[in-house]
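K.L.:
My structure is stored as query28.cif, with mmCIF, C-alpha atoms and all ligand atoms.
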data_entry
loop_
_atom_site.label_atom_id
_atom_site.label_comp_id
_atom_site.auth_asym_id
_atom_site.auth_seq_id
_atom_site.Cartn_x
_atom_site.Cartn_y
_atom_site.Cartn_z
CA ALA A 11 0.00 0.00 0.00
CA LEU A 12 1.08 3.61 -0.58
CA PRO A 13 2.14 5.61 2.50
CA LYS A 14 -0.71 7.90 3.64
CA ASP A 15 1.49 10.80 4.64
CA VAL A 16 4.16 12.91 3.01
CA THR A 17 6.52 14.74 5.39
CA ILE A 18 7.90 18.11 4.29
CA LEU A 19 9.96 20.41 6.54
CA ASN A 20 9.19 18.08 9.47
CA THR A 21 5.44 18.39 9.04
CA PRO A 22 3.32 15.40 7.91
CA TYR A 23 0.61 16.04 5.31
CA THR A 24 -2.13 13.60 4.40
CA LYS A 25 -1.93 12.53 0.76
CA ASP A 26 -5.01 12.64 -1.44
CA ASP A 27 -5.95 12.54 -5.12
CA TYR A 28 -4.18 15.91 -5.66
CA THR A 29 -0.79 14.84 -4.32
CA ASN A 30 1.78 15.05 -7.12
CA VAL A 31 4.86 16.46 -5.38
CA THR A 32 7.86 14.14 -5.77
CA SER A 33 10.67 13.45 -3.31
CA ARG A 34 13.10 14.83 -5.88
CA ILE A 35 11.29 18.17 -5.88
CA VAL A 36 11.04 18.21 -2.09
CA SER A 37 14.80 17.71 -1.87
CA HIS A 38 15.24 21.24 -3.32
CA ILE A 39 13.29 22.98 -0.56
CA GLU A 40 16.11 23.45 1.89
CA ARG A 41 18.74 24.56 -0.61
CA ASN A 42 17.68 28.25 -0.41
CA LEU A 43 20.06 29.33 -3.18
CA HIS A 44 18.92 32.94 -2.86
CA LEU A 45 20.31 32.99 0.72
CA GLN A 46 23.63 31.30 -0.09
CA GLN A 47 26.45 33.81 0.16
CA ASN A 48 28.08 34.60 -3.20
CA HIS A 49 25.63 32.48 -5.15
CA PRO A 50 24.73 34.29 -8.40
CA LEU A 51 21.02 34.28 -7.44
CA ASN A 52 21.97 35.86 -4.11
CA LEU A 53 23.97 38.55 -5.94
CA VAL A 54 21.11 39.40 -8.30
CA GLN A 55 18.63 39.56 -5.44
CA LEU A 56 20.94 41.88 -3.49
CA ARG A 57 21.31 44.15 -6.51
CA ILE A 58 17.55 44.54 -6.82
CA VAL A 59 17.13 45.15 -3.07
CA ASP A 60 19.99 47.67 -3.23
CA TYR A 61 18.16 49.58 -5.98
CA PHE A 62 15.00 49.77 -3.86
CA TYR A 63 16.93 50.82 -0.75
CA LYS A 64 18.54 53.67 -2.69
CA SER A 65 15.43 54.75 -4.60
CA PHE A 66 12.87 54.84 -1.77
CA LEU A 67 13.72 56.52 1.54
CA ASN A 68 11.35 57.59 4.29
CA ALA A 69 11.43 60.99 6.03
CA ARG A 70 14.19 59.76 8.35
CA ARG A 71 16.22 58.67 5.32
CA ASN A 72 15.81 54.99 6.11
CA PRO A 73 14.84 52.43 3.45
CA LEU A 74 11.08 52.36 2.91
CA PHE A 75 10.80 48.74 1.79
CA SER A 76 11.08 45.78 4.16
CA VAL A 77 12.55 42.56 2.71
CA HIS A 78 11.17 39.06 3.41
CA ARG A 79 13.39 36.20 2.36
CA SER A 80 12.46 33.28 4.61
CA LEU A 81 8.74 32.68 4.15
CA SER A 82 7.92 28.97 3.89
CA PRO A 83 7.38 27.73 0.31
CA ILE A 84 4.49 25.57 1.55
CA VAL A 85 1.36 27.64 1.06
CA THR A 86 -2.39 27.07 1.03
CA VAL A 87 -4.54 27.09 -2.08
CA ASN A 88 -6.07 30.22 -0.57
CA GLN A 89 -2.70 32.01 -0.42
CA ASN A 90 -1.52 30.99 -3.89
CA PHE A 91 -4.85 31.55 -5.71
CA ASP A 92 -8.02 32.63 -3.85
CA SER A 93 -6.50 35.60 -1.98
CA LEU A 94 -5.31 36.90 -5.39
CA LEU A 95 -8.76 36.63 -6.99
CA ILE A 96 -7.62 33.87 -9.35
CA PRO A 97 -10.85 32.26 -10.67
CA LYS A 98 -11.67 28.73 -9.49
CA ASP A 99 -11.40 27.37 -13.03
CA HIS A 100 -8.19 29.27 -14.00
CA VAL A 101 -5.62 27.11 -15.85
CA SER A 102 -2.81 28.08 -13.48
CA ARG A 103 -4.48 25.98 -10.74
CA SER A 104 -4.25 22.73 -12.69
CA LYS A 105 -2.53 19.65 -11.31
CA SER A 106 -0.44 19.45 -14.44
CA ASP A 107 1.11 22.89 -13.72
CA CYS A 108 1.59 22.89 -9.93
CA TYR A 109 3.16 20.72 -7.27
CA TYR A 110 0.30 19.93 -4.91
CA ILE A 111 0.96 18.37 -1.49
CA ASN A 112 -2.76 17.66 -1.24
CA ARG A 113 -6.02 19.48 -2.02
CA ASP A 114 -5.26 22.20 0.56
CA TYR A 115 -1.51 22.78 0.25
CA LEU A 116 0.98 23.24 -2.57
CA LEU A 117 4.52 24.46 -3.14
CA ARG A 118 4.04 28.12 -4.04
CA ALA A 119 3.92 28.70 -7.79
CA HIS A 120 4.79 32.40 -7.42
CA MET A 121 5.97 34.75 -4.67
CA THR A 122 2.75 36.73 -5.09
CA ALA A 123 1.23 34.00 -2.85
CA HIS A 124 2.43 36.02 0.17
CA GLN A 125 1.02 39.38 -0.89
CA ALA A 126 -2.29 39.26 0.99
CA GLU A 127 -0.84 37.98 4.29
CA LEU A 128 1.77 40.77 4.39
CA LEU A 129 -0.92 43.38 3.62
CA LEU A 130 -2.97 41.92 6.46
CA GLY A 131 0.08 42.37 8.68
CA GLY A 132 -0.05 46.09 7.95
CA LEU A 133 2.90 46.44 5.56
CA ASN A 134 2.74 49.11 2.84
CA ASN A 135 6.06 48.71 1.01
CA PHE A 136 7.73 45.32 0.83
CA LEU A 137 9.88 42.93 -1.21
CA ILE A 138 9.50 39.13 -1.05
CA VAL A 139 12.23 36.79 -2.30
CA GLY A 140 12.16 33.01 -2.52
CA ASP A 141 12.00 29.71 -4.37
CA VAL A 142 8.93 28.86 -6.48
CA TYR A 143 7.81 25.56 -8.00
CA ARG A 144 6.20 24.87 -11.37
CA ARG A 145 5.82 21.76 -13.49
CA ASP A 146 7.27 22.56 -16.87
CA GLU A 147 9.13 21.34 -19.92
CA ILE A 148 12.84 20.49 -19.77
CA ASP A 149 15.54 22.52 -21.51
CA ARG A 150 18.50 24.74 -20.72
CA THR A 151 16.29 27.60 -19.49
CA HIS A 152 13.57 25.68 -17.60
CA TYR A 153 13.84 24.01 -14.22
CA PRO A 154 10.89 23.07 -11.96
CA VAL A 155 12.34 25.14 -9.11
CA PHE A 156 13.32 28.76 -9.68
CA HIS A 157 13.43 32.04 -7.77
CA GLN A 158 11.37 35.21 -7.85
CA LEU A 159 11.34 38.61 -6.23
CA ASP A 160 7.96 40.32 -5.79
CA ALA A 161 7.31 43.89 -4.71
CA VAL A 162 4.30 45.81 -3.42
CA ARG A 163 3.97 49.56 -2.97
CA LEU A 164 0.87 51.20 -1.49
CA LYS A 165 0.15 54.91 -1.42
CA THR A 166 -2.43 57.03 0.40
CA ARG A 167 -4.19 59.97 -1.23
CA ASP A 168 -1.89 62.43 0.54
CA GLU A 169 1.21 60.54 -0.60
CA LEU A 170 0.05 60.36 -4.20
CA PHE A 171 -1.26 63.94 -4.49
CA PRO A 172 0.67 65.96 -1.88
CA ASN A 173 0.05 69.27 -3.64
CA ASP A 174 -3.59 69.03 -4.60
CA SER A 175 -6.26 68.40 -2.00
CA SER A 176 -9.00 68.21 -4.64
CA LEU A 177 -7.78 64.97 -6.23
CA GLN A 178 -9.05 61.59 -4.98
CA LEU A 179 -8.00 57.91 -5.21
CA PHE A 180 -11.49 56.49 -5.56
CA GLU A 181 -14.73 57.19 -7.37
CA ALA A 182 -18.07 55.40 -7.47
CA GLY A 183 -17.33 52.43 -9.71
CA ASN A 184 -19.69 52.08 -12.61
CA ASN A 185 -19.22 48.57 -13.91
CA THR A 186 -17.92 49.51 -17.34
CA ASP A 187 -14.49 47.94 -17.13
CA SER A 188 -14.04 44.51 -18.63
CA PHE A 189 -12.36 41.97 -16.35
CA GLY A 190 -8.64 41.74 -16.96
CA GLY A 191 -8.43 44.35 -19.71
CA GLN A 192 -6.21 47.39 -20.02
CA GLU A 193 -8.89 49.74 -18.70
CA LYS A 194 -8.46 51.16 -15.23
CA GLN A 195 -10.46 49.53 -12.46
CA ALA A 196 -13.88 51.17 -12.05
CA CYS A 197 -13.22 52.12 -8.41
CA HIS A 198 -10.07 54.15 -9.23
CA THR A 199 -10.00 57.74 -10.45
CA LEU A 200 -8.18 58.18 -13.75
CA GLU A 201 -5.67 60.55 -12.08
CA ALA A 202 -4.76 58.03 -9.39
CA ALA A 203 -4.46 55.09 -11.80
CA LYS A 204 -2.32 57.08 -14.25
CA LEU A 205 0.01 58.49 -11.61
CA MET A 206 0.54 55.03 -10.11
CA GLU A 207 1.23 53.62 -13.58
CA HIS A 208 3.79 56.35 -14.11
CA GLU A 209 5.61 55.67 -10.83
CA LEU A 210 5.54 51.91 -11.46
CA LYS A 211 6.97 52.19 -14.96
CA ALA A 212 9.61 54.75 -13.98
CA THR A 213 10.69 52.54 -11.07
CA LEU A 214 11.01 49.47 -13.27
CA GLU A 215 12.76 51.25 -16.13
CA GLY A 216 15.24 52.45 -13.51
CA LEU A 217 15.64 48.89 -12.26
CA GLY A 218 16.30 47.68 -15.82
CA LYS A 219 19.01 50.31 -16.17
CA HIS A 220 20.48 49.46 -12.76
CA LEU A 221 20.82 45.79 -13.77
CA PHE A 222 21.62 45.91 -17.48
CA GLY A 223 23.01 49.40 -18.05
CA ASP A 224 21.72 51.48 -20.93
CA VAL A 225 19.44 49.05 -22.72
CA GLU A 226 16.41 49.33 -24.97
CA TYR A 227 13.16 48.28 -23.34
CA ARG A 228 9.49 48.02 -24.28
CA TRP A 229 6.18 47.67 -22.42
CA VAL A 230 3.75 44.96 -23.51
CA ASP A 231 0.11 44.85 -22.35
CA THR A 232 -0.85 41.62 -20.61
CA VAL A 233 -3.33 40.18 -18.09
CA PHE A 234 -2.94 38.87 -14.55
CA PRO A 235 -5.94 38.06 -12.37
CA PHE A 236 -4.46 40.12 -9.51
CA THR A 237 -3.56 43.36 -11.33
CA GLN A 238 -5.41 45.66 -13.72
CA PRO A 239 -4.12 47.11 -15.92
CA SER A 240 -1.09 44.79 -16.29
CA TRP A 241 2.16 44.97 -18.25
CA GLU A 242 5.31 43.04 -19.01
CA LEU A 243 8.68 44.71 -19.38
CA GLU A 244 10.94 43.38 -22.11
CA VAL A 245 14.60 44.26 -22.47
CA PHE A 246 16.61 44.01 -25.71
CA TYR A 247 19.55 41.85 -24.81
CA ASN A 248 21.95 39.76 -26.89
CA GLY A 249 19.97 40.34 -30.07
CA GLY A 250 16.50 39.48 -28.76
CA TRP A 251 13.62 40.74 -26.61
CA LEU A 252 13.79 39.22 -23.15
CA GLU A 253 10.72 39.24 -20.92
CA VAL A 254 11.99 40.28 -17.50
CA LEU A 255 8.97 40.94 -15.31
CA GLY A 256 5.21 41.20 -14.89
CA CYS A 257 3.50 44.06 -13.08
CA GLY A 258 0.35 46.15 -12.70
CA ILE A 259 -2.04 48.12 -10.52
CA MET A 260 -3.22 45.83 -7.71
CA ARG A 261 -6.88 44.79 -7.89
CA GLN A 262 -8.57 46.77 -5.17
CA PRO A 263 -10.50 43.83 -3.55
CA ILE A 264 -7.13 42.27 -2.59
CA LEU A 265 -6.46 45.37 -0.50
CA THR A 266 -9.93 45.69 1.00
CA ASN A 267 -10.04 41.96 1.86
CA SER A 268 -6.83 42.56 3.85
CA GLY A 269 -8.30 45.53 5.70
CA VAL A 270 -6.61 48.23 3.58
CA LYS A 271 -9.27 50.85 2.77
CA ASP A 272 -7.44 54.08 2.00
CA ARG A 273 -4.60 53.09 -0.33
CA ILE A 274 -3.93 52.23 -3.97
CA GLY A 275 -1.08 49.88 -4.90
CA TRP A 276 1.23 48.64 -7.59
CA ALA A 277 3.04 45.29 -7.66
CA PHE A 278 5.49 43.37 -9.78
CA GLY A 279 7.24 39.98 -9.89
CA ILE A 280 10.61 39.23 -11.48
CA GLY A 281 12.40 35.90 -12.12
CA LEU A 282 15.97 35.83 -10.83
CA GLU A 283 17.43 33.00 -12.94
CA ARG A 284 16.64 34.76 -16.21
CA ILE A 285 18.39 37.93 -15.01
CA ALA A 286 21.42 36.04 -13.67
CA MET A 287 21.79 34.00 -16.87
CA CYS A 288 21.95 37.23 -18.90
CA LEU A 289 24.12 39.23 -16.53
CA TYR A 290 26.71 36.53 -15.98
CA LYS A 291 26.30 34.64 -19.30
CA ILE A 292 25.37 31.40 -17.53
CA PRO A 293 24.37 29.01 -20.34
CA ASP A 294 22.35 26.38 -18.46
CA ILE A 295 19.85 26.77 -15.61
CA ARG A 296 21.01 23.52 -13.97
CA LEU A 297 24.32 25.22 -13.12
CA PHE A 298 22.61 27.21 -10.33
CA TRP A 299 22.19 23.93 -8.43
CA SER A 300 25.85 22.93 -8.86
CA LYS A 301 27.84 22.41 -5.67
CA ASP A 302 31.07 22.43 -7.70
CA SER A 303 33.57 25.01 -6.51
CA GLY A 304 34.56 25.56 -10.17
CA PHE A 305 31.16 27.21 -10.58
CA LEU A 306 30.62 28.86 -7.18
CA ASN A 307 34.11 30.39 -6.82
CA GLN A 308 33.55 32.47 -9.94
CA PHE A 309 30.97 34.53 -8.01
CA LYS A 310 33.06 35.22 -4.91
CA THR A 311 33.17 39.01 -4.65
CA ASP A 312 32.79 41.78 -2.07
CA ASP A 313 31.20 44.06 -4.66
CA ILE A 314 27.71 42.90 -5.65
CA SER A 315 27.64 45.13 -8.71
CA LYS A 316 30.92 43.89 -10.11
CA SER A 317 30.60 42.65 -13.68
CA ILE A 318 31.29 38.90 -13.83
CA THR A 319 31.32 36.67 -16.91
CA TYR A 320 30.97 32.98 -16.24
CA LYS A 321 33.60 30.82 -17.94
CA GLU A 322 32.47 27.34 -18.77
CA ILE A 323 34.39 24.79 -16.70
CA SER A 324 34.31 22.64 -19.78
CA GLN A 325 31.76 21.49 -22.26
CA PHE A 326 31.16 17.74 -22.10
CA PRO A 327 29.53 15.94 -25.04
CA GLN A 328 25.79 15.39 -25.33
CA CYS A 329 24.24 11.99 -25.80
CA ILE A 330 20.85 11.79 -27.53
CA ASN A 331 18.33 8.94 -27.21
CA ASP A 332 14.71 8.79 -28.41
CA LEU A 333 11.80 7.08 -26.68
CA SER A 334 8.50 6.27 -28.45
CA PHE A 335 5.39 4.92 -26.78
CA TRP A 336 1.63 4.50 -27.11
CA LEU A 337 -0.29 6.68 -24.65
CA PRO A 338 -2.76 5.07 -22.22
CA ASP A 339 -6.48 5.39 -23.09
CA ASP A 340 -7.17 7.71 -20.18
CA GLU A 341 -5.44 10.93 -19.13
CA PHE A 342 -1.80 11.61 -20.03
CA SER A 343 0.00 14.94 -19.75
CA SER A 344 3.47 15.65 -21.11
CA ASN A 345 4.30 17.30 -17.77
CA ASP A 346 3.78 13.91 -16.07
CA PHE A 347 6.42 12.48 -18.38
CA TYR A 348 8.81 15.42 -17.79
CA ASP A 349 8.55 14.91 -14.03
CA LEU A 350 9.20 11.22 -14.40
CA VAL A 351 12.28 11.94 -16.52
CA ARG A 352 13.55 14.36 -13.85
CA ASN A 353 12.95 11.76 -11.15
CA GLU A 354 14.75 8.94 -12.96
CA GLY A 355 17.36 10.91 -14.88
CA GLY A 356 18.07 13.71 -12.41
CA ASP A 357 20.36 16.46 -13.62
CA LEU A 358 21.87 14.23 -16.33
CA VAL A 359 18.96 15.31 -18.52
CA GLU A 360 19.58 18.54 -20.37
CA GLN A 361 16.48 18.60 -22.56
CA VAL A 362 13.36 16.63 -23.43
CA GLN A 363 11.51 17.46 -26.64
CA LEU A 364 8.29 16.03 -27.98
CA ILE A 365 9.48 15.44 -31.55
CA ASP A 366 6.58 13.43 -32.99
CA SER A 367 2.96 12.77 -32.19
CA PHE A 368 0.39 10.84 -34.24
CA THR A 369 -2.83 8.84 -33.95
CA HIS A 370 -3.03 5.34 -35.44
CA PRO A 371 -5.77 5.41 -38.14
CA LYS A 372 -7.32 2.08 -37.11
CA SER A 373 -6.77 1.64 -33.38
CA LYS A 374 -7.07 5.44 -32.77
CA LYS A 375 -4.24 5.06 -30.27
CA MET A 376 -1.98 8.07 -29.80
CA SER A 377 1.79 7.80 -29.96
CA HIS A 378 4.42 10.23 -28.66
CA CYS A 379 8.11 10.27 -29.43
CA TYR A 380 10.38 12.18 -27.04
CA ARG A 381 14.01 13.06 -27.71
CA ILE A 382 16.03 13.04 -24.50
CA THR A 383 19.36 14.87 -24.48
CA TYR A 384 21.73 13.69 -21.76
CA ARG A 385 24.74 15.66 -20.60
CA HIS A 386 26.61 15.67 -17.31
CA MET A 387 27.80 19.08 -16.12
CA GLU A 388 31.09 17.80 -14.75
CA LYS A 389 32.17 14.72 -16.74
CA THR A 390 31.76 12.78 -19.99
CA LEU A 391 28.98 10.18 -19.84
CA THR A 392 29.62 6.76 -21.37
CA GLN A 393 27.04 5.25 -23.73
CA SER A 394 26.35 2.44 -21.25
CA GLU A 395 25.67 4.90 -18.41
CA VAL A 396 23.20 6.71 -20.64
CA ASN A 397 21.56 3.48 -21.78
CA ALA A 398 21.02 2.40 -18.18
CA VAL A 399 19.27 5.68 -17.31
CA HIS A 400 17.26 5.60 -20.55
CA GLN A 401 16.07 2.07 -19.72
CA LYS A 402 15.09 3.17 -16.20
CA ILE A 403 13.00 5.97 -17.70
CA ALA A 404 11.31 3.55 -20.12
CA ASP A 405 10.54 1.10 -17.29
CA ALA A 406 9.16 3.82 -15.01
CA ALA A 407 7.00 5.26 -17.81
CA THR A 408 5.56 1.78 -18.37
CA SER A 409 4.79 1.06 -14.73
CA LYS A 410 3.75 4.55 -13.57
CA LEU A 411 2.20 6.25 -16.59
CA PHE A 412 0.86 3.05 -18.22
CA VAL A 413 2.38 3.77 -21.62
CA THR A 414 3.41 1.00 -24.01
CA ILE A 415 6.95 1.33 -25.33
CA ARG A 416 7.11 0.79 -29.10
N1 LIG B 1 3.13 36.43 -10.13
C1 LIG B 1 3.39 36.83 -11.50
C2 LIG B 1 4.17 35.68 -12.19
O1 LIG B 1 4.63 34.77 -11.53
C3 LIG B 1 4.19 38.09 -11.60
C4 LIG B 1 3.45 39.30 -11.06
C5 LIG B 1 3.58 39.69 -9.74
C6 LIG B 1 2.64 40.06 -11.90
C7 LIG B 1 2.91 40.80 -9.24
C8 LIG B 1 1.97 41.16 -11.44
C9 LIG B 1 2.11 41.53 -10.11
O2 LIG B 1 4.34 35.67 -13.40
#
Mind turning the file's structure into structure tokens?
P.N.:
Amino acid sequence: ALPKDVTILNTPYTKDDYTNVTSRIVSHIERNLHLQQNHPLNLVQLRIVDYFYKSFLNARRNPLFSVHRSLSPIVTVNQNFDSLLIPKDHVSRSKSDCYYINRDYLLRAHMTAHQAELLLGGLNNFLIVGDVYRRDEIDRTHYPVFHQLDAVRLKTRDELFPNDSSLQLFEAGNNTDSFGGQEKQACHTLEAAKLMEHELKATLEGLGKHLFGDVEYRWVDTVFPFTQPSWELEVFYNGGWLEVLGCGIMRQPILTNSGVKDRIGWAFGIGLERIAMCLYKIPDIRLFWSKDSGFLNQFKTDDISKSITYKEISQFPQCINDLSFWLPDDEFSSNDFYDLVRNEGGDLVEQVQLIDSFTHPKSKKMSHCYRITYRHMEKTLTQSEVNAVHQKIADAATSKLFVTIR
């Protein structure tokens, strides 16, 4: 029989039909790369915090923003979704995208999960940094555990309009705004929404400059359930547009549900790996998890804004094997297969691509062919080592996902 409990950070949780977190994923929880001195993710995080400390001072010339780096990655469904007004049927809640511990708990899928609880605690300006967990494809820029920094800034009427007592934050909301569009929220005055947008964009353009120097950037309209309007900032870097963050004006019910009645807010979330890979020219996201001193020593510095270019320790050869199978008649998601490959192959797997998919004309059975690229970060793999891992993956796919190897 299967064990009924799963223990994470010394707490037992009862498993149920939602449980899909694996022991391999859980083993990442206590690494806390963003807290590890001289780790590139620690350096990037410090650079962003440094920018906020310098840009926002209170009347006593102390930093305005508080920083929260040690919040537990185990959150409730309410924290990760409901408190942020994410609809019950939103795709981001699906079992194939998140690591659920059970129906009530999951590993946070974004740092925004902590926004409402910190508002409830009375904070007006804060940064949250930590590890987040998402089921995803496998390649050199995707890993199921990565790191984000989120920010929230609230302003009162007097703070937003210090020189004009006639301007207001709120007006009677006629319900003309469409959910999730680029229109301002009905409850906000146009002046308040526009001035907040201006401060948000100026702050983030400044952050882009602080990190990347004088770069070209562009704003792209987008939607998030928890902000309206919402934007993404893209930076032109190494010949292409790189999406660096998501942001927007906070949906007012998030504030009122947390007891905040007299403020308007902006928020953003930024992925740290993406930034570090660009800044330091780190070619593969698995390197962040390396314990090899050949990697870590390259980031030893007293000056967090020093320019560092990662030099590859060496480039070991790839080994490519394909795996074709018939899918089971009932549910199958590619993310289930990617997780299984991570479990069995660990960090030897550099990439998994679905290279062919077809349905048999008579039996109507579906077939998938995946190309698995193996490469060790620190040594050359032999063909027999790779074959052994490849066979383990095939066996596990047969017994756990009920596929039929062709
Ligand atoms: N949580 C969003 C993400 O993970 C980023 C975000 C944070 C967007 C805050 C808007 C406001 O992509």
K.L.:
When you draw a straight line from CA of Phe326 in chain A to CA of Thr390 in chain A, how long is it in Å?
P.N.:
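Answer for the CA of Phe326 in chain A to CA of Thr390 in chain A separation: 5.4 Å.
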K.L.:
Between A:Thr237, A:Ser300, A:Thr32, A:Gln325, which is the closest to ligand LIG 1 (chain B) once you count only C-alpha atoms and all ligand atoms?
P.N.:
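Smallest separation from ligand LIG 1 (chain B) among the options: A:Thr237.
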K.L.:
By how many Å are CA of Asn112 in chain A and CA of Tyr28 in chain A apart?
P.N.:
5.0 Å
K.L.:
Using CA of Leu56 in chain A and CA of Leu94 in chain A as the two end points, give the distance in Å to one decimal.
P.N.:
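Separating CA of Leu56 in chain A from CA of Leu94 in chain A is a distance of 26.8 Å.
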K.L.:
Find the residues with any atom within 9 Å of (20.7, 37.0, -8.7); use only C-alpha atoms and the coordinates as given in the file, and write the answer as a ChimeraX atom specification.
P.N.:
/A:44,49-58,157,282-287,289
K.L.:
Which residue, A:Phe62, A:Tyr348, A:Phe309, A:Tyr384, has the smallest gap to Pro154 in chain A when you use only C-alpha atoms?
P.N.:
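Once distances to Pro154 in chain A are computed over only C-alpha atoms, the minimum belongs to A:Tyr348.
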K.L.:
Which of these residues is nearest to Ile111 in chain A, using only C-alpha atoms: A:Val254, A:Met387, A:Val36, A:Val233?
P.N.:
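Nearest to Ile111 in chain A: A:Val36.
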K.L.:
Where does chain A meet ligand LIG 1 (chain B) within 7 Å, residue by residue, with the nearest atom pair and distance in Å to one decimal for each, counting all atoms listed in the file, listed by chain and rising number, as a Markdown table?
P.N.:
| residue | atom | partner | partner_atom | distance |
| --- | --- | --- | --- | --- |
| A:His120 | CA | B:LIG1 | O1 | 4.7 |
| A:Met121 | CA | B:LIG1 | N1 | 6.4 |
| A:Thr122 | CA | B:LIG1 | N1 | 5.1 |
| A:Asp160 | CA | B:LIG1 | C5 | 5.9 |
| A:Phe234 | CA | B:LIG1 | C8 | 6.2 |
| A:Phe236 | CA | B:LIG1 | C9 | 6.7 |
| A:Thr237 | CA | B:LIG1 | C8 | 6.0 |
| A:Ser240 | CA | B:LIG1 | C8 | 6.8 |
| A:Leu255 | CA | B:LIG1 | C3 | 6.7 |
| A:Gly256 | CA | B:LIG1 | C6 | 4.1 |
| A:Cys257 | CA | B:LIG1 | C8 | 3.7 |
| A:Gly258 | CA | B:LIG1 | C8 | 5.4 |
| A:Ala277 | CA | B:LIG1 | C9 | 4.6 |
| A:Phe278 | CA | B:LIG1 | C7 | 3.7 |
| A:Gly279 | CA | B:LIG1 | C5 | 3.7 |
| A:Ile280 | CA | B:LIG1 | C3 | 6.5 |
K.L.:
So which residues touch Glu201 in chain A within 10 Å, counting all atoms listed in the file, skipping near sequence neighbours fewer than 2 positions away, as a VMD selection string?
P.N.:
chain A and resid 170 to 171 177 to 180 198 to 199 203 to 207
K.L.:
Using all atoms listed in the file, which of A:Leu164, A:Leu265, A:Ile382, A:Ile314 sits nearest Ala202 in chain A?
P.N.:
A:Leu164
K.L.:
Fewer than 4 positions away in the same chain doesn't count, so skip those; otherwise give me all residues within 7 Å of range 392-405 of chain A, counting only C-alpha atoms, as a list in words.
P.N.:
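Surrounding residues, per the criterion: Val351, Glu354, Gly355 and Ser409 of chain A.
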K.L.:
Hey, could you pull the box centre and edge lengths for range 357-375 of chain A, axis-aligned, 5 Å padding per side, all listed atoms, to one decimal in Å, as AutoDock Vina command-line options?
P.N.:
--center_x 7.3 --center_y 10.1 --center_z -25.9 --size_x 39.2 --size_y 27.0 --size_z 34.5
K.L.:
Just the residues within 9 Å of range 141-147 of chain A, please, counting all atoms listed in the file, with nothing from its chain fewer than 5 positions along; format it as a ChimeraX atom specification.
P.N.:
/A:35,39,42-44,83,105-109,117-121,152-158,344-346,348-349,361-363
K.L.:
Pick out the residues sitting within 10 Å of range 374-379 of chain A, and hand them over as an NGL selection string; count all atoms listed in the file, and ignore anything fewer than 5 positions along from it in its own chain.
P.N.:
:A and (332-339 or 344 or 363-369 or 413-416)
K.L.:
Measuring between all atoms listed in the file, which one of A:Leu391, A:Leu45, A:Leu252, A:Ile318 shows the shortest distance to Gly281 in chain A?
P.N.:
A:Leu252
